[in-house]
Every structure is written in C-alpha cells, then in structure tokens.
$ cat query.txt   # compact mmCIF, C-alpha atoms
# COMPACT_ATOMS: atom_id res chain seq x y z
CA MET A 13 8.62 -2.42 -29.81
CA GLY A 14 8.09 -4.88 -32.64
CA ASP A 15 11.48 -6.50 -32.12
CA HIS A 16 10.88 -6.85 -28.41
CA ALA A 17 7.52 -8.44 -29.01
CA HIS A 18 9.08 -10.88 -31.44
CA GLY A 19 11.76 -11.80 -28.88
CA HIS A 20 9.07 -12.49 -26.34
CA THR A 21 7.14 -14.74 -28.69
CA GLU A 22 10.17 -17.01 -28.78
CA MET A 23 10.55 -16.93 -25.01
CA ALA A 24 6.91 -17.75 -24.43
CA ALA A 25 6.83 -20.45 -27.08
CA PRO A 26 6.67 -23.41 -24.62
CA HIS A 27 3.32 -22.14 -23.35
CA ALA A 28 1.36 -22.19 -26.56
CA GLY A 29 -1.47 -19.68 -26.46
CA ASN A 30 -0.25 -17.94 -23.31
CA HIS A 31 1.63 -14.75 -24.03
CA SER A 32 1.86 -13.38 -20.49
CA PRO A 33 5.30 -13.37 -18.88
CA SER A 34 6.27 -16.55 -17.06
CA VAL A 35 6.53 -16.81 -13.29
CA ARG A 36 10.28 -16.87 -13.68
CA GLN A 37 10.21 -13.58 -15.62
CA TYR A 38 8.02 -12.03 -12.93
CA VAL A 39 10.48 -13.05 -10.23
CA ASN A 40 13.45 -11.82 -12.27
CA ILE A 41 11.78 -8.43 -12.70
CA PHE A 42 11.18 -8.31 -8.96
CA VAL A 43 14.86 -8.98 -8.26
CA VAL A 44 15.86 -6.17 -10.64
CA LEU A 45 13.33 -3.80 -8.99
CA PHE A 46 14.64 -4.72 -5.56
CA VAL A 47 18.26 -4.09 -6.57
CA LEU A 48 17.28 -0.75 -8.19
CA THR A 49 15.53 0.31 -4.96
CA ALA A 50 18.65 -0.55 -2.94
CA VAL A 51 20.78 1.45 -5.42
CA GLU A 52 18.32 4.36 -5.06
CA VAL A 53 18.70 4.39 -1.28
CA ALA A 54 22.50 4.27 -1.66
CA ALA A 55 22.38 7.06 -4.27
CA SER A 56 20.46 9.29 -1.84
CA TYR A 57 23.72 9.58 0.14
CA LEU A 58 25.80 10.70 -2.87
CA VAL A 59 25.84 14.37 -1.79
CA ASN A 60 27.59 13.34 1.42
CA PHE A 61 30.56 12.31 -0.72
CA GLY A 62 30.92 15.66 -2.46
CA ILE A 63 28.85 14.71 -5.52
CA PRO A 64 26.87 17.74 -6.78
CA ALA A 65 23.18 17.73 -5.83
CA TRP A 66 22.00 17.92 -9.46
CA VAL A 67 23.91 14.71 -10.29
CA GLN A 68 22.25 12.95 -7.38
CA ILE A 69 18.80 14.19 -8.42
CA ALA A 70 19.41 13.11 -12.03
CA VAL A 71 20.56 9.64 -10.92
CA LEU A 72 17.57 9.20 -8.58
CA ILE A 73 15.04 10.29 -11.21
CA ALA A 74 16.65 8.04 -13.83
CA LEU A 75 16.44 5.06 -11.43
CA ALA A 76 12.79 5.82 -10.60
CA VAL A 77 11.90 6.08 -14.30
CA LEU A 78 13.64 2.75 -14.95
CA LYS A 79 11.68 1.10 -12.13
CA GLY A 80 8.44 2.60 -13.40
CA VAL A 81 9.07 1.43 -16.97
CA LEU A 82 9.78 -2.13 -15.75
CA VAL A 83 6.57 -2.22 -13.67
CA VAL A 84 4.45 -0.85 -16.50
CA MET A 85 5.98 -3.01 -19.24
CA PHE A 86 6.04 -6.34 -17.43
CA TYR A 87 3.74 -6.25 -14.40
CA MET A 88 1.09 -4.18 -16.17
CA HIS A 89 1.75 -6.08 -19.42
CA LEU A 90 2.01 -3.03 -21.67
CA ARG A 91 4.87 -4.71 -23.52
CA PHE A 92 2.55 -7.55 -24.54
CA ASP A 93 -0.76 -5.75 -24.71
CA SER A 94 -2.41 -3.50 -27.28
CA ARG A 95 -0.40 -0.37 -28.02
CA TRP A 96 -3.51 1.71 -27.48
CA PHE A 97 -3.08 1.15 -23.75
CA THR A 98 0.56 2.23 -24.03
CA PHE A 99 -0.62 5.32 -25.87
CA PHE A 100 -3.17 6.20 -23.18
CA PHE A 101 -0.67 5.80 -20.39
CA THR A 102 2.28 7.44 -22.14
CA ALA A 103 0.18 10.44 -23.15
CA ALA A 104 -0.83 10.96 -19.51
CA MET A 105 2.78 10.56 -18.32
CA ILE A 106 4.07 13.11 -20.85
CA LEU A 107 1.36 15.57 -19.82
CA ALA A 108 2.17 14.89 -16.15
CA THR A 109 5.90 15.48 -16.59
CA PHE A 110 5.22 18.67 -18.54
CA GLY A 111 2.79 19.81 -15.85
CA ILE A 112 5.22 19.24 -12.97
CA VAL A 113 8.07 21.06 -14.75
CA VAL A 114 5.83 24.01 -15.68
CA PHE A 115 4.43 24.37 -12.17
CA ILE A 116 7.86 24.24 -10.56
CA ILE A 117 9.19 26.90 -12.94
CA LEU A 118 6.11 29.10 -12.55
CA PHE A 119 5.83 29.01 -8.80
CA THR A 120 9.37 28.42 -7.60
CA TYR A 121 11.55 30.58 -9.85
CA HIS A 122 9.06 33.02 -11.28
CA ARG A 123 7.30 33.40 -7.92
CA GLY A 124 3.87 34.04 -9.32
CA LEU A 125 2.33 32.65 -6.14
CA VAL A 126 4.42 34.09 -3.36
CA ALA A 127 6.40 37.17 -4.41
CA MET B 8 2.06 -9.97 -31.10
CA ALA B 9 0.36 -7.24 -29.13
CA GLN B 10 -2.78 -7.84 -31.11
CA ILE B 11 -2.67 -11.58 -30.43
CA TYR B 12 -2.35 -10.93 -26.69
CA ALA B 13 -5.16 -8.37 -26.70
CA GLN B 14 -7.35 -10.64 -28.82
CA GLU B 15 -6.86 -13.69 -26.61
CA HIS B 16 -7.49 -11.72 -23.47
CA SER B 17 -10.63 -10.14 -24.84
CA ASP B 18 -11.90 -13.41 -26.29
CA SER B 19 -11.77 -14.97 -22.85
CA GLN B 20 -14.17 -12.28 -21.59
CA GLN B 21 -17.39 -13.37 -23.15
CA HIS B 22 -19.65 -10.81 -21.52
CA ASN B 23 -17.54 -7.76 -22.27
CA PRO B 24 -17.95 -6.48 -25.80
CA THR B 25 -14.92 -5.04 -27.48
CA THR B 26 -14.76 -1.36 -28.39
CA SER B 27 -14.47 -0.09 -31.96
CA LEU B 28 -10.69 -0.19 -31.40
CA GLY B 29 -10.97 -3.94 -30.88
CA LEU B 30 -10.06 -3.56 -27.22
CA ASN B 31 -11.84 -5.02 -24.24
CA SER B 32 -14.12 -2.29 -22.90
CA ARG B 33 -13.45 -3.00 -19.22
CA LYS B 34 -9.72 -2.89 -19.69
CA LEU B 35 -9.88 0.24 -21.81
CA GLY B 36 -11.97 1.87 -19.11
CA LEU B 37 -9.45 0.95 -16.45
CA TRP B 38 -6.52 2.32 -18.47
CA ALA B 39 -8.44 5.57 -19.05
CA PHE B 40 -9.03 5.70 -15.29
CA ILE B 41 -5.34 5.07 -14.60
CA SER B 42 -4.44 7.90 -16.98
CA SER B 43 -6.73 10.24 -15.05
CA GLU B 44 -5.13 9.05 -11.81
CA VAL B 45 -1.71 9.94 -13.23
CA MET B 46 -2.94 13.52 -13.60
CA PHE B 47 -4.50 13.46 -10.14
CA PHE B 48 -1.28 12.44 -8.41
CA THR B 49 0.71 14.81 -10.62
CA ALA B 50 -1.31 17.69 -9.19
CA LEU B 51 -0.61 16.54 -5.63
CA ILE B 52 3.12 15.93 -6.23
CA ALA B 53 3.54 19.25 -8.09
CA THR B 54 1.80 21.05 -5.21
CA TYR B 55 4.18 19.47 -2.72
CA LEU B 56 7.26 20.38 -4.77
CA VAL B 57 6.05 23.96 -5.23
CA MET B 58 5.18 24.37 -1.53
CA LYS B 59 8.46 22.89 -0.28
CA PRO B 60 10.77 25.95 -0.62
CA ARG B 61 8.02 28.35 0.42
CA ASN B 62 7.36 26.24 3.51
CA LEU B 63 10.96 26.77 4.67
CA GLU B 64 10.80 30.52 4.07
CA LEU B 65 7.75 30.69 6.31
CA GLY B 66 9.61 28.86 9.09
CA GLY B 67 7.89 25.54 8.44
CA PRO B 68 9.46 22.22 9.37
CA VAL B 69 12.54 20.91 7.54
CA PRO B 70 11.38 17.68 5.83
CA GLU B 71 14.81 16.00 5.78
CA GLN B 72 14.86 15.96 9.55
CA PHE B 73 11.90 13.68 10.12
CA LEU B 74 11.19 11.96 6.79
CA GLY B 75 13.33 8.94 7.58
CA ILE B 76 14.19 6.95 4.48
CA GLN B 77 14.69 3.72 6.45
CA LEU B 78 10.98 3.29 7.12
CA THR B 79 9.93 4.39 3.64
CA ALA B 80 12.53 2.15 1.99
CA VAL B 81 10.93 -0.75 3.87
CA LEU B 82 7.49 0.45 2.71
CA ALA B 83 8.77 0.66 -0.88
CA PHE B 84 10.06 -2.90 -0.55
CA ILE B 85 6.71 -4.08 0.85
CA LEU B 86 4.84 -2.57 -2.11
CA LEU B 87 7.30 -4.12 -4.57
CA MET B 88 6.76 -7.49 -2.91
CA SER B 89 3.01 -6.99 -3.17
CA SER B 90 3.33 -6.27 -6.89
CA LEU B 91 5.17 -9.57 -7.28
CA THR B 92 2.53 -11.51 -5.32
CA MET B 93 -0.15 -9.78 -7.43
CA VAL B 94 1.35 -10.95 -10.74
CA LEU B 95 1.84 -14.41 -9.23
CA ALA B 96 -1.90 -14.41 -8.45
CA LEU B 97 -2.57 -13.55 -12.10
CA ALA B 98 -0.19 -16.28 -13.29
CA ALA B 99 -1.98 -18.75 -10.98
CA THR B 100 -5.33 -17.64 -12.46
CA GLU B 101 -4.10 -18.26 -15.99
CA ARG B 102 -2.98 -21.75 -14.90
CA ASN B 103 -6.34 -22.19 -13.17
CA ASP B 104 -4.47 -22.99 -9.96
CA GLN B 105 -7.23 -22.23 -7.43
CA ARG B 106 -5.08 -22.58 -4.31
CA GLY B 107 -2.39 -20.44 -5.90
CA ILE B 108 -4.89 -17.66 -6.68
CA ARG B 109 -6.07 -17.53 -3.08
CA ARG B 110 -2.56 -17.81 -1.61
CA TRP B 111 -1.10 -14.95 -3.67
CA LEU B 112 -4.17 -12.72 -3.34
CA PHE B 113 -4.04 -13.19 0.42
CA ALA B 114 -0.31 -12.38 0.46
CA THR B 115 -0.97 -9.20 -1.56
CA ILE B 116 -3.68 -8.11 0.87
CA VAL B 117 -1.43 -8.74 3.88
CA LEU B 118 1.42 -6.74 2.29
CA GLY B 119 -1.01 -3.91 1.50
CA LEU B 120 -2.14 -3.85 5.13
CA LEU B 121 1.50 -3.86 6.29
CA PHE B 122 2.13 -0.84 4.10
CA LEU B 123 -0.87 0.96 5.59
CA GLY B 124 0.36 0.08 9.08
CA GLY B 125 3.75 1.65 8.29
CA GLN B 126 2.05 4.77 7.04
CA VAL B 127 -0.14 5.05 10.13
CA TYR B 128 3.01 4.71 12.25
CA GLU B 129 4.73 7.50 10.30
CA PHE B 130 1.73 9.82 10.41
CA ASN B 131 1.29 9.25 14.13
CA LYS B 132 4.94 10.06 14.78
CA LEU B 133 4.66 13.33 12.88
CA TRP B 134 1.45 14.31 14.62
CA SER B 135 2.60 13.49 18.14
CA GLU B 136 6.13 14.94 18.23
CA GLU B 137 7.01 18.62 18.18
CA PHE B 138 9.65 20.01 15.88
CA VAL B 139 11.51 23.32 15.84
CA THR B 140 13.11 25.00 12.84
CA VAL B 141 16.44 26.62 13.74
CA THR B 142 17.43 29.38 11.32
CA THR B 143 21.06 30.45 10.96
CA THR B 144 21.55 33.77 9.15
CA LEU B 145 25.16 33.94 7.95
CA PRO B 146 27.06 37.27 7.83
CA ASP B 147 26.84 37.30 4.02
CA GLY B 148 23.03 37.11 4.23
CA ARG B 149 22.66 33.42 3.33
CA VAL B 150 20.19 31.48 5.41
CA GLU B 151 20.51 27.87 6.60
CA ARG B 152 17.68 25.97 8.23
CA GLN B 153 17.79 22.86 10.37
CA GLY B 154 15.00 20.84 11.90
CA VAL B 155 15.33 19.85 15.54
CA GLU B 156 13.06 17.81 17.79
CA ALA B 157 11.60 20.11 20.44
CA ARG B 158 12.82 17.98 23.35
CA GLU B 159 16.40 18.15 22.06
CA LEU B 160 16.33 21.87 21.29
CA GLU B 161 18.56 23.12 24.15
CA GLY B 162 21.46 20.80 23.37
CA GLU B 163 21.11 21.19 19.61
CA LEU B 164 21.10 25.00 19.86
CA VAL B 165 24.47 24.88 21.65
CA HIS B 166 25.92 22.69 18.87
CA ILE B 167 24.50 24.86 16.09
CA ARG B 168 25.80 28.08 17.70
CA GLU B 169 29.26 26.54 18.15
CA ALA B 170 29.33 25.35 14.52
CA ALA B 171 28.10 28.68 13.10
CA PRO B 172 30.75 31.18 11.87
CA ALA B 173 31.39 34.38 13.82
CA GLY B 174 28.72 37.00 13.25
CA ALA B 175 26.02 34.50 12.34
CA GLU B 176 22.64 34.87 13.99
CA VAL B 177 20.90 31.72 15.23
CA THR B 178 17.18 31.83 16.01
CA ALA B 179 14.76 29.06 16.97
CA GLY B 180 11.14 29.00 15.78
CA GLN B 181 8.08 27.89 17.72
CA PRO B 182 7.83 24.18 18.53
CA GLN B 183 5.01 22.59 16.56
CA PRO B 184 3.91 19.14 15.48
CA VAL B 185 3.69 18.33 11.77
CA THR B 186 -0.03 18.16 11.02
CA TRP B 187 -2.30 18.97 8.15
CA THR B 188 -2.79 22.53 9.37
CA THR B 189 0.51 23.65 10.90
CA SER B 190 2.57 24.27 7.75
CA LEU B 191 2.57 24.23 3.97
CA PHE B 192 4.72 21.13 4.21
CA GLY B 193 2.21 19.35 6.43
CA ALA B 194 -0.75 20.33 4.26
CA SER B 195 0.80 19.17 0.97
CA PHE B 196 2.58 16.12 2.44
CA PHE B 197 -0.44 14.66 4.22
CA THR B 198 -2.77 15.36 1.30
CA MET B 199 -0.44 13.58 -1.11
CA THR B 200 0.59 10.58 1.00
CA GLY B 201 -2.90 10.39 2.51
CA PHE B 202 -4.48 10.05 -0.91
CA HIS B 203 -1.92 7.41 -1.81
CA GLY B 204 -2.68 5.51 1.38
CA THR B 205 -6.40 5.78 0.57
CA HIS B 206 -5.69 4.23 -2.81
CA VAL B 207 -3.83 1.38 -1.11
CA GLY B 208 -6.83 0.94 1.21
CA ILE B 209 -9.24 0.83 -1.74
CA GLY B 210 -6.92 -1.68 -3.42
CA VAL B 211 -7.01 -3.88 -0.30
CA ILE B 212 -10.83 -3.78 -0.35
CA TRP B 213 -10.89 -4.58 -4.08
CA LEU B 214 -8.50 -7.52 -3.62
CA SER B 215 -10.50 -8.78 -0.63
CA ILE B 216 -13.65 -8.83 -2.78
CA VAL B 217 -11.76 -10.73 -5.50
CA LEU B 218 -10.44 -13.15 -2.84
CA VAL B 219 -13.99 -13.83 -1.60
CA MET B 220 -15.09 -14.37 -5.22
CA SER B 221 -12.20 -16.81 -5.64
CA MET B 222 -13.17 -18.69 -2.46
CA ARG B 223 -16.68 -19.07 -3.90
CA GLY B 224 -15.16 -20.55 -7.03
CA ALA B 225 -16.03 -17.59 -9.21
CA ILE B 226 -12.48 -17.00 -10.50
CA SER B 227 -10.89 -19.18 -13.15
CA SER B 228 -8.70 -18.91 -16.22
CA LYS B 229 -11.85 -18.02 -18.18
CA ASN B 230 -12.29 -14.71 -16.38
CA SER B 231 -8.68 -13.89 -15.54
CA LEU B 232 -9.43 -10.30 -16.52
CA THR B 233 -11.08 -9.86 -13.11
CA ILE B 234 -7.69 -10.51 -11.49
CA GLU B 235 -5.81 -8.59 -14.17
CA MET B 236 -7.93 -5.46 -13.61
CA ALA B 237 -7.36 -5.52 -9.84
CA GLY B 238 -3.68 -6.10 -10.60
CA LEU B 239 -3.43 -3.13 -12.98
CA TYR B 240 -4.86 -0.85 -10.31
CA TRP B 241 -2.57 -2.34 -7.65
CA HIS B 242 0.58 -1.92 -9.78
CA PHE B 243 -0.41 1.66 -10.52
CA VAL B 244 -0.59 2.36 -6.78
CA ASP B 245 2.89 0.82 -6.47
CA LEU B 246 4.02 3.04 -9.34
CA VAL B 247 2.82 6.15 -7.51
CA TRP B 248 4.89 5.10 -4.51
CA VAL B 249 7.95 4.72 -6.75
CA ALA B 250 7.47 8.40 -7.70
CA ILE B 251 6.68 9.60 -4.16
CA PHE B 252 9.57 7.62 -2.66
CA THR B 253 12.04 9.27 -5.04
CA LEU B 254 10.65 12.80 -5.30
CA ILE B 255 9.66 13.30 -1.68
CA TYR B 256 11.83 11.06 0.44
CA LEU B 257 15.11 10.65 -1.45
CA ILE B 258 15.54 14.05 -3.12

$ encode --input "query.txt" --output "structure tokens"
Amino acid sequence: MGDHAHGHTEMAAPHAGNHSPSVRQYVNIFVVLFVLTAVEVAASYLVNFGIPAWVQIAVLIALAVLKGVLVVMFYMHLRFDSRWFTFFFTAAMILATFGIVVFIILFTYHRGLVA
Amino acid sequence: MAQIYAQEHSDSQQHNPTTSLGLNSRKLGLWAFISSEVMFFTALIATYLVMKPRNLELGGPVPEQFLGIQLTAVLAFILLMSSLTMVLALAATERNDQRGIRRWLFATIVLGLLFLGGQVYEFNKLWSEEFVTVTTTLPDGRVERQGVEARELEGELVHIREAAPAGAEVTAGQPQPVTWTTSLFGASFFTMTGFHGTHVGIGVIWLSIVLVMSMRGAISSKNSLTIEMAGLYWHFVDLVWVAIFTLIYLI
C-alpha cells in the first residue's frame, strides 16, 4: 500500500495540495470497469463452449472482485484515504464472504433447513 | 500519504471534530454504516443463494429462463456511468466549479432514475407473465428442470418430449407469475433486488437534496465532504449491484 501511495504522490504532483485522483484517472477507471463488465457478460456464456461450470463461476467471481476493488480503491478513495476506513470495510467484507460460504455449506449441502 | 489526504479532507470540514483516531467523525460514521450495509446485503444474497436449489426442488420457477442478462447488463452499465458522473461531481467540487457540480449531480440523478425505471420494468414483467416449470425425470433418476412461459407451454412441451431420451417422464407444473409470495425464488429475489432498488431511490433523494443545496450556493470546495459522503453511499450501492449482477444474473 505504501508503494502505491508513493506512486500516486508523483502522479498527483501537478495539483499541489490535492491528492484525489484526477478526472483523467476517473475516466480511465470507468473504461476499465466498462471493459470488465463486457468481459463478464461474455464469460457468462463460457459453459456453452464446453468450459466446466466451476471455471466459469471462478472467472465471474474474480472479475466481480476486481471491479469491486477498483470502485472501492479509486471511486471511494480508499487507496488515498486513512487506512482505518480500509480496515472497517475490509473487515466487513471478510465477515461477509465467510458468512455466505458458511450459509451455503450449512443449508445447501448439509441440509439443516430442508432435509 | 494516506494521513495527508485524511488530514486535508478533515481540515476542510471546520464544523466536524475529528475522532480520537484523527479521522473526520462524519466520514467515519458513514464508513461504519457502509460496513453494516455490507452485512445487510450479505444476509439477503446468502438467503437467495441458499433458497435457489430448494426453490427448484419445490417446483418453483427456473431463474435462468426469465432473468435476462441483456437488461441487467444495461442496468449495470447505467450504474457504472452514474459512479463516474458522481466522482466527476466531486472533482468539480474540489475545483469549485459550480456549474460542473450541478451538471454531474444532475446526470447522476438521471442515471439513478433510469436504473430504477429498468428495475420497475423487470419487476412488472415478472409479476404480469405466467411461467411453468417443466420437469424431466430421466430413466436413471436424474431430474432436469426448464422454465417455460405459460403461453408457449403447448409447443415447448412437444419439443421437450421429443428431445428427452426414451423412458423419461415429462411433467408440467402449474402456471404462476413470479411474485413475492409464489415461490422461494420470488420471495428471496424481490426482497434482495427490492432493497437494492430502495437504496438507489434513497441515493437519488440524497443527491437531489445535495443538488438543491448546490443551486443555493451552499456547496463549495470548502465543504466537499458533503459531496464525498453522498458519493461514498452511491458507489456502495453500485458495488452491491456488481455483486448482485454476478451472483444472481450471470452465475
């Protein structure tokens, strides 16, 4: 994180005192997000070409995570802001991921709810 | 670097004392709120994912049949666009570009309303059309399910029976619309996407208030946190759609 922040300081140098991303960076991030969304839609047809379903699911989740990280880091400024905010958000995301996995295992495979 | 950014952004907010962590209290509050929202939507998404297989076993509708990804891909694009216009509004605020603030806030509101319109269209389609689940039980005991629109059932049944291997049993369920109360799918899907839509609606109201404040000259680079806070909430709502789009519509 420290290296990234240092790199950004150099990028933002022309605007002394303003450490938010530039308009150009915002637009670049948007273009990347747009392309990733298009790739996601294309990837949702992978199973039709004989690709195993788990590969498709892994690719789609990886793309979604990448999109989410870009939004949070640049549009929500976590890359440039206090790391306490990153901590708050990341802690909730880890708990959320853990929760979803646990609930799916409990109620889909173990059948606690329906068996 | 992070400290410099946090310091500058909290210094510009004269009326908001910093917390003992040295963070702006309003912003810390919003991030704590966003964290709680993460857990809220996690509960809704987990419920949907858990209900999905059970819904099929109970003869509920087959989601793949009517959750068209074309419309939702457009909705995902609209929300992405709105996130861009939102950060452009923030950038305009930091430049103290008053016309820019209003232009980009207005664009964000319009995109938010477009998204809501798309969702209303989708919900209305699900509520007003009837769907039938056709179950094919193969000779080896495996079960395949397909969703068919009720008005196309006769023709589709012929196709499905022709395509099924010898000895397979094809049965059609009762035609029913997809509503909140007709199936586990409907209940979990509408609760989840409905709450997301509600969040978009609240975001539109929040942004409209900020736009009115801006038109009265109450927004400038000195209180850019007002725009940044609305933006953080708005991007979070976009983030939830990134998750819903992938987990519910694409997978």

$ closest_residue --input "query.txt" --among "B:Leu78, B:Ile212, B:Ile255, B:Ala53" --to "chain A" --atoms "all atoms listed in the file"
B:Ala53

$ interface_residues --input "query.txt" --of "chain B" --to "chain A" --cutoff "8 Å" --atoms "all atoms listed in the file" --output "tab-separated table (two decimals) with C-alpha atoms, keeping the file's coordinate frame"
chain	number	residue	atom	x	y	z
B	8	MET	CA	2.06	-9.97	-31.10
B	9	ALA	CA	0.36	-7.24	-29.13
B	10	GLN	CA	-2.78	-7.84	-31.11
B	12	TYR	CA	-2.35	-10.93	-26.69
B	13	ALA	CA	-5.16	-8.37	-26.70
B	30	LEU	CA	-10.06	-3.56	-27.22
B	35	LEU	CA	-9.88	0.24	-21.81
B	38	TRP	CA	-6.52	2.32	-18.47
B	39	ALA	CA	-8.44	5.57	-19.05
B	41	ILE	CA	-5.34	5.07	-14.60
B	42	SER	CA	-4.44	7.90	-16.98
B	43	SER	CA	-6.73	10.24	-15.05
B	45	VAL	CA	-1.71	9.94	-13.23
B	46	MET	CA	-2.94	13.52	-13.60
B	49	THR	CA	0.71	14.81	-10.62
B	50	ALA	CA	-1.31	17.69	-9.19
B	52	ILE	CA	3.12	15.93	-6.23
B	53	ALA	CA	3.54	19.25	-8.09
B	56	LEU	CA	7.26	20.38	-4.77
B	57	VAL	CA	6.05	23.96	-5.23
B	60	PRO	CA	10.77	25.95	-0.62
B	61	ARG	CA	8.02	28.35	0.42
B	76	ILE	CA	14.19	6.95	4.48
B	80	ALA	CA	12.53	2.15	1.99
B	83	ALA	CA	8.77	0.66	-0.88
B	84	PHE	CA	10.06	-2.90	-0.55
B	87	LEU	CA	7.30	-4.12	-4.57
B	88	MET	CA	6.76	-7.49	-2.91
B	90	SER	CA	3.33	-6.27	-6.89
B	91	LEU	CA	5.17	-9.57	-7.28
B	94	VAL	CA	1.35	-10.95	-10.74
B	95	LEU	CA	1.84	-14.41	-9.23
B	98	ALA	CA	-0.19	-16.28	-13.29
B	238	GLY	CA	-3.68	-6.10	-10.60
B	239	LEU	CA	-3.43	-3.13	-12.98
B	242	HIS	CA	0.58	-1.92	-9.78
B	246	LEU	CA	4.02	3.04	-9.34
B	249	VAL	CA	7.95	4.72	-6.75
B	250	ALA	CA	7.47	8.40	-7.70
B	253	THR	CA	12.04	9.27	-5.04
B	254	LEU	CA	10.65	12.80	-5.30
B	257	LEU	CA	15.11	10.65	-1.45
B	258	ILE	CA	15.54	14.05	-3.12

$ atom_distance --input "query.txt" --atom1 "atom CA of B:Pro68" --atom2 "atom CA of B:Thr142"
10.9 Å

$ atom_distance --input "query.txt" --atom1 "atom CA of B:Leu51" --atom2 "atom CA of B:Asn131"
21.1 Å

$ closest_residue --input "query.txt" --among "B:Thr100, B:Thr178, B:Thr79, B:Gln72" --to "B:Val127" --atoms "all atoms listed in the file"
B:Thr79

$ atom_distance --input "query.txt" --atom1 "atom CA of B:Glu137" --atom2 "atom CA of B:Val185"
7.2 Å
